[in-house]
>>> print(open('protein_23.cif').read())   # mmCIF, C-alpha atoms
data_query
#
loop_
_atom_site.label_atom_id
_atom_site.label_comp_id
_atom_site.auth_asym_id
_atom_site.auth_seq_id
_atom_site.Cartn_x
_atom_site.Cartn_y
_atom_site.Cartn_z
CA MET A 1 81.55 178.07 -27.76
CA ASN A 2 83.41 181.27 -28.35
CA GLY A 3 86.33 179.24 -29.69
CA GLY A 4 84.29 178.54 -32.80
CA GLY A 5 83.64 182.19 -33.43
CA ALA A 6 85.50 182.26 -36.71
CA ARG A 7 83.89 179.14 -38.03
CA PRO A 8 80.48 180.29 -39.15
CA ALA A 9 81.96 182.80 -41.54
CA ALA A 10 84.35 180.31 -43.05
CA PHE A 11 81.61 177.74 -43.26
CA ALA A 12 79.28 180.19 -44.94
CA GLU A 13 81.94 181.09 -47.44
CA ALA A 14 82.72 177.51 -48.27
CA THR A 15 79.16 176.43 -48.84
CA TYR A 16 77.81 179.52 -50.48
CA PRO A 17 75.69 178.04 -53.22
CA THR A 18 77.39 178.66 -56.50
CA ASP A 19 74.18 178.28 -58.43
CA LEU A 20 72.93 181.50 -56.87
CA SER A 21 75.57 183.59 -58.57
CA GLU A 22 75.02 181.60 -61.73
CA GLU A 23 71.37 182.44 -61.62
CA ASP A 24 72.11 186.10 -61.11
CA SER A 25 74.32 186.25 -64.14
CA LEU A 26 71.70 184.39 -66.11
CA ALA A 27 69.11 186.99 -65.22
CA GLY A 28 71.36 189.84 -66.20
CA ARG A 29 72.20 188.38 -69.58
CA GLN A 30 70.21 189.17 -72.67
CA ILE A 31 68.11 186.26 -73.79
CA ALA A 32 69.66 184.41 -76.69
CA LEU A 33 67.78 185.14 -79.88
CA ILE A 34 67.71 181.48 -80.80
CA ASP A 35 65.95 180.53 -77.56
CA LEU A 36 63.46 183.29 -78.22
CA LEU A 37 62.85 182.16 -81.78
CA ASP A 38 62.33 178.56 -80.66
CA ARG A 39 59.40 179.84 -78.71
CA LEU A 40 58.11 182.61 -80.92
CA LEU A 41 58.21 180.63 -84.16
CA ASN A 42 57.41 177.14 -82.86
CA GLY A 43 55.45 178.03 -79.74
CA GLY A 44 52.85 180.60 -78.92
CA ALA A 45 49.16 180.20 -79.54
CA VAL A 46 48.51 179.82 -83.23
CA LEU A 47 45.53 181.81 -84.32
CA THR A 48 44.29 182.23 -87.80
CA GLY A 49 45.13 185.86 -87.97
CA ASP A 50 44.07 187.97 -90.90
CA VAL A 51 47.58 187.83 -92.23
CA VAL A 52 48.60 184.22 -92.38
CA LEU A 53 52.16 183.07 -92.29
CA SER A 54 52.09 179.45 -93.27
CA VAL A 55 54.41 176.93 -91.69
CA ALA A 56 56.32 176.82 -94.92
CA ASP A 57 57.00 180.52 -94.63
CA VAL A 58 58.38 180.06 -91.18
CA ASP A 59 60.72 177.44 -92.49
CA LEU A 60 61.68 179.92 -95.13
CA VAL A 61 62.55 182.32 -92.37
CA HIS A 62 64.92 179.81 -90.86
CA ILE A 63 66.59 179.20 -94.17
CA ASN A 64 66.94 182.88 -94.91
CA LEU A 65 68.26 183.44 -91.46
CA ARG A 66 71.06 180.98 -91.89
CA ALA A 67 72.06 182.70 -95.07
CA VAL A 68 71.93 186.10 -93.44
CA ILE A 69 73.99 185.09 -90.48
CA ARG A 70 76.55 183.32 -92.56
CA SER A 71 76.97 186.46 -94.54
CA ILE A 72 77.51 188.69 -91.54
CA THR A 73 79.68 186.59 -89.27
CA PRO A 74 82.73 184.84 -90.61
CA ASP A 75 82.05 181.30 -89.57
CA SER A 76 84.88 179.63 -87.75
CA PRO A 77 85.15 176.04 -88.90
CA ALA A 78 84.38 173.26 -86.47
CA PRO A 79 87.48 171.50 -85.20
CA TRP A 80 86.32 168.10 -86.37
CA MET B 81 32.40 184.48 -67.46
CA ASN B 82 31.46 180.88 -67.95
CA ARG B 83 30.78 180.48 -71.56
CA PRO B 84 28.54 177.66 -72.68
CA THR B 85 30.69 174.81 -73.84
CA THR B 86 28.87 174.59 -77.13
CA GLU B 87 30.59 177.77 -78.16
CA ALA B 88 33.96 176.12 -78.03
CA GLY B 89 33.43 174.18 -81.21
CA GLU B 90 32.47 175.26 -84.66
CA ARG B 91 29.63 177.66 -84.65
CA PRO B 92 27.24 177.02 -87.48
CA GLY B 93 26.17 180.62 -87.92
CA ALA B 94 28.38 183.37 -89.20
CA PRO B 95 30.09 185.31 -86.42
CA ALA B 96 27.11 187.18 -85.09
CA GLU B 97 28.81 189.97 -83.20
CA ALA B 98 31.59 190.76 -85.55
CA GLY B 99 31.09 194.04 -87.29
CA LYS B 100 27.37 194.17 -86.62
CA GLY B 101 25.40 196.31 -84.25
CA SER B 102 23.03 195.11 -81.60
CA GLY B 103 19.40 195.72 -82.52
CA SER B 104 17.83 194.16 -85.55
CA PRO B 105 16.89 196.66 -88.26
CA ALA B 106 13.18 195.76 -88.13
CA GLU B 107 12.91 196.66 -84.47
CA ALA B 108 14.80 199.86 -84.79
CA GLY B 109 12.64 201.08 -87.65
CA ASP B 110 9.47 200.83 -85.59
CA LYS B 111 10.59 203.33 -82.99
CA ALA B 112 8.50 206.41 -83.67
CA GLY B 113 10.46 209.59 -83.98
CA ALA B 114 13.76 207.93 -83.30
CA PRO B 115 16.14 208.79 -86.07
CA LEU B 116 17.12 205.62 -87.83
CA ARG B 117 20.76 205.40 -87.02
CA PRO B 118 22.94 203.27 -89.12
CA VAL B 119 24.55 200.36 -87.39
CA PRO B 120 27.39 201.92 -85.44
CA ARG B 121 30.62 201.06 -87.10
CA PRO B 122 33.77 200.78 -85.08
CA PRO B 123 36.10 203.60 -85.98
CA ALA B 124 38.88 202.66 -88.33
CA PRO B 125 41.40 201.24 -85.90
CA GLN B 126 44.27 203.58 -86.20
CA GLU B 127 45.18 205.66 -89.11
CA PRO B 128 48.52 207.15 -88.35
CA SER B 129 50.12 209.27 -90.99
CA GLY B 130 52.04 206.26 -92.24
CA GLY B 131 48.87 204.66 -93.55
CA PRO B 132 46.30 202.39 -92.01
CA GLY B 133 47.32 200.23 -89.10
CA VAL B 134 46.64 196.60 -88.37
CA ALA B 135 46.38 195.00 -84.96
CA TYR B 136 49.40 193.03 -83.78
CA VAL B 137 48.46 190.65 -80.95
CA TYR B 138 51.08 189.78 -78.30
CA ALA B 139 49.26 187.76 -75.72
CA LEU B 140 45.91 187.29 -74.15
CA GLY B 141 44.76 186.73 -70.63
CA ARG B 142 41.92 187.42 -68.30
CA ALA B 143 40.65 190.96 -68.57
CA GLY B 144 41.64 193.03 -65.59
CA ALA B 145 44.00 195.42 -63.94
CA ALA B 146 47.13 193.35 -64.60
CA LEU B 147 46.84 193.49 -68.38
CA GLU B 148 45.75 197.12 -68.27
CA ALA B 149 48.84 197.97 -66.27
CA THR B 150 51.07 196.27 -68.83
CA ALA B 151 49.36 198.14 -71.64
CA ALA B 152 49.90 201.43 -69.86
CA GLN B 153 53.58 200.83 -69.15
CA LEU B 154 54.99 199.50 -72.38
CA THR B 155 55.11 200.08 -76.07
CA GLY B 156 55.04 197.34 -78.63
CA VAL B 157 56.60 196.56 -81.98
CA ARG B 158 57.96 199.73 -83.61
CA GLY B 159 57.17 201.69 -80.48
CA GLY B 160 53.41 201.60 -80.99
CA PRO B 161 51.39 202.19 -77.81
CA LEU B 162 49.78 199.09 -76.36
CA ARG B 163 46.10 198.72 -75.70
CA THR B 164 43.82 195.96 -74.54
CA VAL B 165 41.00 194.58 -76.61
CA THR B 166 38.41 192.99 -74.36
CA ALA B 167 35.68 190.47 -75.09
CA GLY B 168 33.84 188.90 -72.23
CA SER B 169 36.28 187.83 -69.55
CA LEU B 170 39.28 187.84 -71.86
CA ALA B 171 41.54 190.57 -73.11
CA ALA B 172 44.25 190.70 -75.73
CA LEU B 173 47.31 192.95 -75.65
CA VAL B 174 47.48 194.68 -78.98
CA SER B 175 49.30 197.49 -80.74
CA SER B 176 48.90 199.03 -84.15
CA VAL B 177 51.55 198.33 -86.75
CA PRO B 178 51.74 199.64 -90.32
CA ALA B 179 49.57 197.56 -92.62
CA ASP B 180 52.04 197.50 -95.47
CA ALA B 181 54.95 196.29 -93.37
CA PHE B 182 52.75 193.63 -91.79
CA SER B 183 51.03 192.36 -94.89
CA GLU B 184 51.96 188.86 -95.93
CA GLU B 185 54.61 190.12 -98.30
CA GLY B 186 55.83 192.77 -95.93
CA MET B 187 56.15 190.28 -93.13
CA LYS B 188 58.09 187.80 -95.21
CA ALA B 189 60.55 190.50 -96.07
CA GLN B 190 60.84 191.61 -92.46
CA LEU B 191 61.18 188.19 -90.96
CA GLY B 192 63.82 187.26 -93.47
CA ASN B 193 65.96 190.11 -92.23
CA LEU B 194 67.70 189.13 -89.05
CA ALA B 195 67.88 192.61 -87.57
CA GLU B 196 64.20 193.28 -88.16
CA LEU B 197 63.21 189.82 -87.00
CA GLU B 198 65.18 190.30 -83.81
CA GLU B 199 63.60 193.68 -83.20
CA ILE B 200 60.10 192.28 -83.56
CA ALA B 201 60.93 189.20 -81.51
CA ARG B 202 62.36 191.21 -78.63
CA ALA B 203 59.54 193.72 -78.65
CA HIS B 204 57.03 190.88 -78.69
CA HIS B 205 58.81 189.11 -75.87
CA ALA B 206 59.10 192.25 -73.77
CA VAL B 207 55.33 192.63 -73.83
CA VAL B 208 54.68 188.96 -73.09
CA GLU B 209 57.24 188.98 -70.30
CA ALA B 210 55.82 192.08 -68.67
CA ALA B 211 52.26 190.81 -68.92
CA GLY B 212 53.28 187.38 -67.66
CA GLY B 213 54.87 188.94 -64.59
CA GLY B 214 51.51 190.04 -63.28
CA ALA B 215 49.09 187.48 -64.66
CA THR B 216 48.78 184.20 -66.48
CA VAL B 217 49.02 184.91 -70.18
CA LEU B 218 48.81 182.96 -73.37
CA PRO B 219 51.59 184.22 -75.61
CA MET B 220 50.79 184.46 -79.30
CA ARG B 221 53.05 183.18 -82.00
CA LEU B 222 55.26 185.83 -83.56
CA ALA B 223 53.51 188.08 -86.05
CA THR B 224 49.88 187.31 -85.25
CA VAL B 225 48.12 190.15 -87.01
CA TYR B 226 44.46 191.09 -87.40
CA LEU B 227 42.97 193.74 -89.60
CA ASP B 228 41.39 195.62 -86.71
CA ASP B 229 40.28 195.41 -83.11
CA ALA B 230 36.84 194.11 -84.07
CA ARG B 231 38.47 191.09 -85.66
CA VAL B 232 40.54 190.51 -82.51
CA ARG B 233 37.37 190.73 -80.48
CA SER B 234 35.55 188.18 -82.59
CA MET B 235 38.56 185.84 -82.36
CA LEU B 236 38.35 186.13 -78.55
CA ASP B 237 34.62 185.46 -78.73
CA GLU B 238 34.93 182.46 -80.97
CA ARG B 239 37.64 180.69 -79.04
CA GLY B 240 36.97 182.10 -75.60
CA ALA B 241 36.11 178.80 -73.96
CA GLU B 242 39.27 177.17 -75.27
CA PHE B 243 41.45 180.06 -74.10
CA ASP B 244 39.76 180.07 -70.75
CA GLU B 245 40.54 176.41 -70.23
CA LEU B 246 44.12 176.81 -71.35
CA LEU B 247 44.66 179.78 -69.05
CA SER B 248 43.34 177.77 -66.12
CA LEU B 249 45.75 174.95 -66.89
CA LEU B 250 48.72 177.28 -67.18
CA GLU B 251 47.92 179.29 -64.11
CA GLY B 252 50.69 179.16 -61.52
CA HIS B 253 53.14 177.57 -63.95
CA ALA B 254 56.12 178.77 -65.92
CA GLU B 255 58.11 177.32 -68.76
CA VAL B 256 61.71 176.31 -68.16
CA GLY B 257 64.00 175.50 -71.07
CA VAL B 258 66.57 172.73 -70.79
CA LYS B 259 69.28 172.12 -73.35
CA VAL B 260 71.87 169.37 -73.27
CA TYR B 261 75.15 169.81 -75.13
CA ALA B 262 77.85 167.38 -76.10
CA ASP B 263 81.16 169.20 -76.09
CA ALA B 264 83.99 166.99 -77.27
CA ARG B 265 86.53 169.74 -76.74
CA ALA B 266 85.61 169.99 -73.10
CA ALA B 267 85.84 166.21 -72.81
CA ALA B 268 89.29 166.22 -74.39
CA GLY B 269 90.61 168.94 -72.11
CA PRO B 270 91.63 172.44 -73.11
CA PRO B 271 91.72 173.07 -76.85
CA PRO B 272 95.14 172.71 -78.47
CA PRO B 273 96.97 175.97 -79.07
CA ASP B 274 96.91 177.33 -82.56
CA ALA B 275 100.64 177.10 -82.96
CA PRO B 276 102.10 173.59 -83.21
CA ASP B 277 103.60 172.29 -80.02
CA PRO B 278 107.37 172.67 -80.34
CA ALA B 279 107.96 169.77 -77.92
CA ALA B 280 105.97 167.32 -80.02
CA PRO B 281 107.96 164.52 -81.62
CA PRO B 282 108.42 164.94 -85.35
CA VAL B 283 105.53 163.23 -87.07
CA SER B 284 104.66 163.64 -90.69
CA PRO B 285 101.92 166.21 -91.08
CA GLY B 286 99.67 163.66 -92.76
CA ARG B 287 100.03 161.09 -90.02
CA ALA B 288 99.65 163.70 -87.29
CA TYR B 289 96.46 164.84 -88.94
CA LEU B 290 95.05 161.31 -89.06
CA GLN B 291 95.97 160.66 -85.43
CA ARG B 292 94.34 163.86 -84.41
CA ARG B 293 91.22 163.06 -86.39
CA ARG B 294 90.94 159.63 -84.85
CA ALA B 295 91.30 160.95 -81.32
CA GLN B 296 88.81 163.68 -82.03
CA ARG B 297 86.28 161.23 -83.39
CA ARG B 298 86.67 159.11 -80.31
CA THR B 299 86.14 161.97 -77.88
CA HIS B 300 83.33 163.25 -80.01
CA ARG B 301 81.59 159.89 -79.88
CA ASP B 302 82.13 159.56 -76.14
CA ALA B 303 80.87 163.04 -75.43
CA TYR B 304 77.86 162.38 -77.59
CA ARG B 305 77.04 159.17 -75.75
CA ALA B 306 77.52 160.77 -72.36
CA ALA B 307 75.25 163.62 -73.41
CA GLY B 308 72.58 161.15 -74.46
CA ALA B 309 72.72 159.54 -71.04
CA VAL B 310 72.54 162.93 -69.33
CA ALA B 311 69.56 163.89 -71.47
CA GLU B 312 67.80 160.74 -70.29
CA GLU B 313 68.64 161.56 -66.71
CA VAL B 314 67.40 165.11 -67.19
CA ARG B 315 64.10 163.79 -68.51
CA ALA B 316 63.65 161.50 -65.54
CA ARG B 317 64.46 164.22 -63.02
CA ALA B 318 62.31 166.77 -64.81
CA ALA B 319 59.35 164.43 -65.07
CA ALA B 320 59.20 164.22 -61.30
CA LEU B 321 58.78 167.98 -60.99
CA ALA B 322 57.22 169.22 -64.21
CA ARG B 323 53.70 168.96 -65.40
CA ASP B 324 54.28 168.80 -69.13
CA ARG B 325 57.04 168.66 -71.69
CA VAL B 326 57.53 169.86 -75.23
CA VAL B 327 60.45 168.84 -77.42
CA HIS B 328 62.01 171.46 -79.64
CA ARG B 329 64.43 170.81 -82.44
CA PRO B 330 68.05 170.81 -81.34
CA GLN B 331 69.59 174.16 -82.04
CA GLN B 332 71.88 174.26 -85.01
CA GLY B 333 73.41 176.79 -87.29
CA GLU B 334 75.20 179.98 -86.57
CA LEU B 335 72.57 181.35 -84.21
CA ALA B 336 73.28 178.46 -81.86
CA SER B 337 75.79 179.95 -79.51
CA GLY B 338 78.15 178.41 -77.07
CA PRO B 339 80.50 175.49 -77.39
CA GLY B 340 79.37 172.01 -78.19
CA GLU B 341 76.56 170.41 -80.06
CA ASN B 342 73.02 170.73 -78.85
CA ILE B 343 71.53 167.25 -78.66
CA ALA B 344 68.39 167.94 -76.64
CA ASN B 345 66.27 171.07 -76.54
CA GLU B 346 63.19 170.77 -74.40
CA ALA B 347 60.73 172.90 -72.56
CA TYR B 348 59.00 171.95 -69.33
CA LEU B 349 55.93 173.37 -67.71
CA VAL B 350 56.85 173.73 -64.06
CA PRO B 351 54.72 174.85 -61.11
CA ALA B 352 56.03 178.23 -59.97
CA ASP B 353 56.90 177.00 -56.51
CA ARG B 354 59.04 174.17 -57.86
CA ILE B 355 61.15 176.15 -60.29
CA ARG B 356 64.23 176.34 -58.08
CA ASP B 357 64.02 172.66 -57.26
CA PHE B 358 63.65 171.93 -60.92
CA GLN B 359 66.69 174.02 -61.84
CA ARG B 360 68.80 172.36 -59.17
CA ALA B 361 67.71 168.83 -59.99
CA VAL B 362 68.22 169.23 -63.71
CA SER B 363 71.55 171.01 -63.61
CA ALA B 364 72.90 168.37 -61.23
CA ALA B 365 72.33 165.73 -63.90
CA ALA B 366 75.46 166.82 -65.75
CA GLU B 367 77.65 167.41 -62.74
CA ASP B 368 81.01 165.71 -63.09
CA VAL B 369 80.21 164.45 -66.56
CA PRO B 370 83.03 165.69 -68.77
CA GLY B 371 82.02 166.86 -72.19
CA VAL B 372 78.38 167.37 -71.31
CA ARG B 373 76.76 170.65 -70.49
CA VAL B 374 73.22 171.37 -69.40
CA GLU B 375 71.88 174.83 -70.02
CA ILE B 376 68.72 176.04 -68.35
CA THR B 377 66.75 179.02 -69.61
CA GLY B 378 63.78 180.84 -68.21
CA PRO B 379 61.49 180.90 -66.44
CA TRP B 380 59.55 181.90 -69.53
CA ALA B 381 55.93 182.70 -70.15
CA PRO B 382 54.40 179.41 -71.30
CA TYR B 383 55.18 179.88 -75.00
CA SER B 384 55.75 176.22 -75.73
CA PHE B 385 52.55 175.19 -74.01
CA ALA B 386 50.26 177.64 -75.73
CA THR B 387 50.41 175.92 -79.10
CA PRO B 388 48.05 172.95 -79.21
CA PRO B 389 44.96 172.49 -77.14
CA PRO B 390 46.00 170.59 -74.05
CA VAL B 391 45.88 166.87 -74.51
CA GLU B 392 45.93 164.73 -71.42
CA GLY B 393 48.88 162.40 -71.31
CA ARG B 394 50.87 164.24 -73.96
CA SER B 395 53.81 163.53 -71.75
CA ALA B 396 53.91 160.62 -69.42
#
>>> encode(input="protein_23.cif", output="structure tokens")
Amino acid sequence: MNGGGARPAAFAEATYPTDLSEEDSLAGRQIALIDLLDRLLNGGAVLTGDVVLSVADVDLVHINLRAVIRSITPDSPAPW
Amino acid sequence: MNRPTTEAGERPGAPAEAGKGSGSPAEAGDKAGAPLRPVPRPPAPQEPSGGPGVAYVYALGRAGAALEATAAQLTGVRGGPLRTVTAGSLAALVSSVPADAFSEEGMKAQLGNLAELEEIARAHHAVVEAAGGGATVLPMRLATVYLDDARVRSMLDERGAEFDELLSLLEGHAEVGVKVYADARAAAGPPPPDAPDPAAPPVSPGRAYLQRRRAQRRTHRDAYRAAGAVAEEVRARAAALARDRVVHRPQQGELASGPGENIANEAYLVPADRIRDFQRAVSAAAEDVPGVRVEITGPWAPYSFATPPPVEGRSA
């Protein structure tokens, strides 16, 4: 009984769920803008507000965005 | 609280409450001695020195302490103080924003500028996130703007029954994002160093290039196939735990971060008490599959499930 005294600690260390620490780091990280835009431009309740952004305008936003980002970050070419 | 269902659909009459007072003019005029007061007009919403403001709507939910607390704690887009606009049992979280910057033209200009778009998006999300922490909320799409609070109120009145139903469906649920990536480089092992390998046998540059291309195409194809299989597995596992699913476009372009190619980008509506199970089950789908990565985001407020009116059987 007391011979196994060291075991629980070692056991706990070995099986400590790695996804816990992963989750923690996920929570501490800033949300990626693209994940946010997926939801804010494609999701969310669509109401006919008094200022209407048509779907076409939203697409325009995407297009403009690509141009903007290309112009500010030197794009590293894909390896294939 | 319980609105008659007939109000959910089109109402034949013009919006009765919007902008009008209560009593009919004929009645009011008959009151002897009572000064005939003009119909009380709501004060112009907010006229800060920068010009008239318009009402930016972040989210709506059931009126009550939770939304009030959010309004008291946070500021909105451009630092404007939040307030609630209440109609019946519902309330919207609103802040004033400059009318010129949030006109149709102004908005196009703003949203086309990445820095400004990001600022609005993060401010919007911060409000939704805070409100969603204490209550079930229906997030609005980015840049939902009304001329004034009265217009927000009449919107809540007109669609109250629909919102009420949606809020009931979403109650106790959160959105979890799942993305599946094919990463050929991960499948092929560590990326080759930039400098040519000095130990490599002398091969003509052209032939070496072709060999490399062929190998890359092969790993790329394999990783892509494996990712497709994982995406299927993810769907099956998620379906057992989630209540609904929405498919987003795979993320592309320079905003898409991280290695690999996004081949599936989905959102699931998951009961709050199953979120951890969901995360575990879904992330395990890519375990030991080289070249495939599953990324889980959230839990989010139910952005992706606030769009259309709920349709039974939208997902199997």
>>> atom_distance(input="protein_23.cif", atom1="atom CA of B:Ala195", atom2="atom CA of B:Ala347")
25.8 Å
>>> atom_distance(input="protein_23.cif", atom1="atom CA of B:Ala307", atom2="atom CA of B:Gly371")
7.6 Å
>>> closest_atom_pairs(input="protein_23.cif", of="chain B", to="chain A", cutoff="9 Å", atoms="only C-alpha atoms", output="tab-separated table")
residue	atom	partner	partner_atom	distance
B:Ala139	CA	A:Ala45	CA	8.5
B:Phe182	CA	A:Val51	CA	7.8
B:Ser183	CA	A:Val51	CA	6.3
B:Glu184	CA	A:Val51	CA	5.8
B:Met187	CA	A:Leu53	CA	8.3
B:Lys188	CA	A:Asp57	CA	7.4
B:Leu191	CA	A:Val61	CA	6.2
B:Gly192	CA	A:Val61	CA	5.2
B:Asn193	CA	A:Leu65	CA	7.1
B:Leu194	CA	A:Leu65	CA	6.2
B:Glu198	CA	A:Leu33	CA	7.0
B:Ala201	CA	A:Leu40	CA	7.2
B:Arg202	CA	A:Leu36	CA	8.0
B:His204	CA	A:Leu40	CA	8.6
B:His205	CA	A:Leu36	CA	7.8
B:Leu218	CA	A:Ala45	CA	6.8
B:Pro219	CA	A:Gly44	CA	5.1
B:Met220	CA	A:Gly44	CA	4.4
B:Arg221	CA	A:Gly44	CA	4.0
B:Leu222	CA	A:Leu40	CA	5.0
B:Ala223	CA	A:Leu53	CA	8.1
B:Thr224	CA	A:Gly49	CA	5.7
B:Val225	CA	A:Gly49	CA	5.3
B:Tyr226	CA	A:Asp50	CA	4.7
B:Leu227	CA	A:Asp50	CA	6.0
B:Arg231	CA	A:Asp50	CA	8.3
B:Val232	CA	A:Gly49	CA	8.5
B:Met235	CA	A:Leu47	CA	8.3
B:Gly257	CA	A:Asp35	CA	8.4
B:Arg265	CA	A:Pro79	CA	8.7
B:Arg293	CA	A:Trp80	CA	7.0
B:Gln296	CA	A:Trp80	CA	6.7
B:Arg297	CA	A:Trp80	CA	7.5
B:His300	CA	A:Trp80	CA	8.5
B:His328	CA	A:Asp38	CA	7.2
B:Arg329	CA	A:Asp38	CA	8.2
B:Gln331	CA	A:Ile34	CA	7.7
B:Gly333	CA	A:Arg66	CA	6.7
B:Glu334	CA	A:Ile69	CA	6.5
B:Leu335	CA	A:Ile34	CA	5.9
B:Ala336	CA	A:Ile34	CA	6.4
B:Ser337	CA	A:Ala32	CA	8.1
B:Arg360	CA	A:Asp19	CA	8.0
B:Thr377	CA	A:Leu26	CA	8.1
B:Gly378	CA	A:Ala27	CA	8.7
B:Pro382	CA	A:Gly44	CA	7.9
B:Tyr383	CA	A:Gly44	CA	4.6
B:Ser384	CA	A:Gly43	CA	4.4
B:Phe385	CA	A:Gly43	CA	7.0
B:Ala386	CA	A:Ala45	CA	4.7
B:Thr387	CA	A:Ala45	CA	4.5
B:Pro388	CA	A:Ala45	CA	7.3
>>> resolve_selection(input="protein_23.cif", expression="the PyMOL selection byres ((chain B and resi 140) around 12)", output="mmCIF file with C-alpha atoms, in the frame of the given file")
data_model
loop_
_atom_site.group_PDB
_atom_site.id
_atom_site.type_symbol
_atom_site.label_atom_id
_atom_site.label_comp_id
_atom_site.auth_asym_id
_atom_site.auth_seq_id
_atom_site.Cartn_x
_atom_site.Cartn_y
_atom_site.Cartn_z
ATOM 1 C CA GLY A 44 52.850 180.600 -78.920
ATOM 2 C CA ALA A 45 49.160 180.200 -79.540
ATOM 3 C CA LEU A 47 45.530 181.810 -84.320
ATOM 4 C CA TYR B 136 49.400 193.030 -83.780
ATOM 5 C CA VAL B 137 48.460 190.650 -80.950
ATOM 6 C CA TYR B 138 51.080 189.780 -78.300
ATOM 7 C CA ALA B 139 49.260 187.760 -75.720
ATOM 8 C CA GLY B 141 44.760 186.730 -70.630
ATOM 9 C CA ARG B 142 41.920 187.420 -68.300
ATOM 10 C CA ALA B 143 40.650 190.960 -68.570
ATOM 11 C CA GLY B 144 41.640 193.030 -65.590
ATOM 12 C CA ALA B 146 47.130 193.350 -64.600
ATOM 13 C CA LEU B 147 46.840 193.490 -68.380
ATOM 14 C CA GLU B 148 45.750 197.120 -68.270
ATOM 15 C CA THR B 150 51.070 196.270 -68.830
ATOM 16 C CA ALA B 151 49.360 198.140 -71.640
ATOM 17 C CA ARG B 163 46.100 198.720 -75.700
ATOM 18 C CA THR B 164 43.820 195.960 -74.540
ATOM 19 C CA VAL B 165 41.000 194.580 -76.610
ATOM 20 C CA THR B 166 38.410 192.990 -74.360
ATOM 21 C CA ALA B 167 35.680 190.470 -75.090
ATOM 22 C CA SER B 169 36.280 187.830 -69.550
ATOM 23 C CA LEU B 170 39.280 187.840 -71.860
ATOM 24 C CA ALA B 171 41.540 190.570 -73.110
ATOM 25 C CA ALA B 172 44.250 190.700 -75.730
ATOM 26 C CA LEU B 173 47.310 192.950 -75.650
ATOM 27 C CA VAL B 174 47.480 194.680 -78.980
ATOM 28 C CA VAL B 207 55.330 192.630 -73.830
ATOM 29 C CA VAL B 208 54.680 188.960 -73.090
ATOM 30 C CA ALA B 211 52.260 190.810 -68.920
ATOM 31 C CA GLY B 212 53.280 187.380 -67.660
ATOM 32 C CA ALA B 215 49.090 187.480 -64.660
ATOM 33 C CA THR B 216 48.780 184.200 -66.480
ATOM 34 C CA VAL B 217 49.020 184.910 -70.180
ATOM 35 C CA LEU B 218 48.810 182.960 -73.370
ATOM 36 C CA PRO B 219 51.590 184.220 -75.610
ATOM 37 C CA MET B 220 50.790 184.460 -79.300
ATOM 38 C CA ARG B 221 53.050 183.180 -82.000
ATOM 39 C CA THR B 224 49.880 187.310 -85.250
ATOM 40 C CA VAL B 232 40.540 190.510 -82.510
ATOM 41 C CA ARG B 233 37.370 190.730 -80.480
ATOM 42 C CA MET B 235 38.560 185.840 -82.360
ATOM 43 C CA LEU B 236 38.350 186.130 -78.550
ATOM 44 C CA ARG B 239 37.640 180.690 -79.040
ATOM 45 C CA GLY B 240 36.970 182.100 -75.600
ATOM 46 C CA PHE B 243 41.450 180.060 -74.100
ATOM 47 C CA ASP B 244 39.760 180.070 -70.750
ATOM 48 C CA LEU B 246 44.120 176.810 -71.350
ATOM 49 C CA LEU B 247 44.660 179.780 -69.050
ATOM 50 C CA ALA B 381 55.930 182.700 -70.150
ATOM 51 C CA PRO B 382 54.400 179.410 -71.300
ATOM 52 C CA TYR B 383 55.180 179.880 -75.000
ATOM 53 C CA ALA B 386 50.260 177.640 -75.730
#
>>> atom_distance(input="protein_23.cif", atom1="atom CA of B:Ala266", atom2="atom CA of B:Gln359")
22.4 Å
>>> residues_around(input="protein_23.cif", residues="B:Lys259", least_positions_apart="6", cutoff="7 Å", atoms="all atoms listed in the file", output="list in words")
Asn342, Ala344, Asn345, Glu346, Val374, Glu375 and Ile376 of chain B
>>> closest_residue(input="protein_23.cif", among="B:Gly252, B:Pro330, B:Gly308, B:Gly338", to="B:Ile355", atoms="all atoms listed in the file")
B:Gly252
>>> residues_around(input="protein_23.cif", residues="B:Ala311", least_positions_apart="5", cutoff="10 Å", atoms="only C-alpha atoms", output="ChimeraX atom specification")
/B:258-261,305-306,316-317,343-346,362,365-366,372-374
>>> residues_around(input="protein_23.cif", residues="B:Gly160", least_positions_apart="2", cutoff="7 Å", atoms="all atoms listed in the file", output="JSON, numbers by chain")
{"B": [155, 156, 157, 158, 162, 175, 176, 177]}
>>> axis_aligned_box(input="protein_23.cif", around="stretch 227-233 of chain B", padding_each_side="6 Å", output="JSON")
{"center_x": 39.9, "center_y": 193.1, "center_z": -85.0, "size_x": 18.1, "size_y": 17.1, "size_z": 21.1}
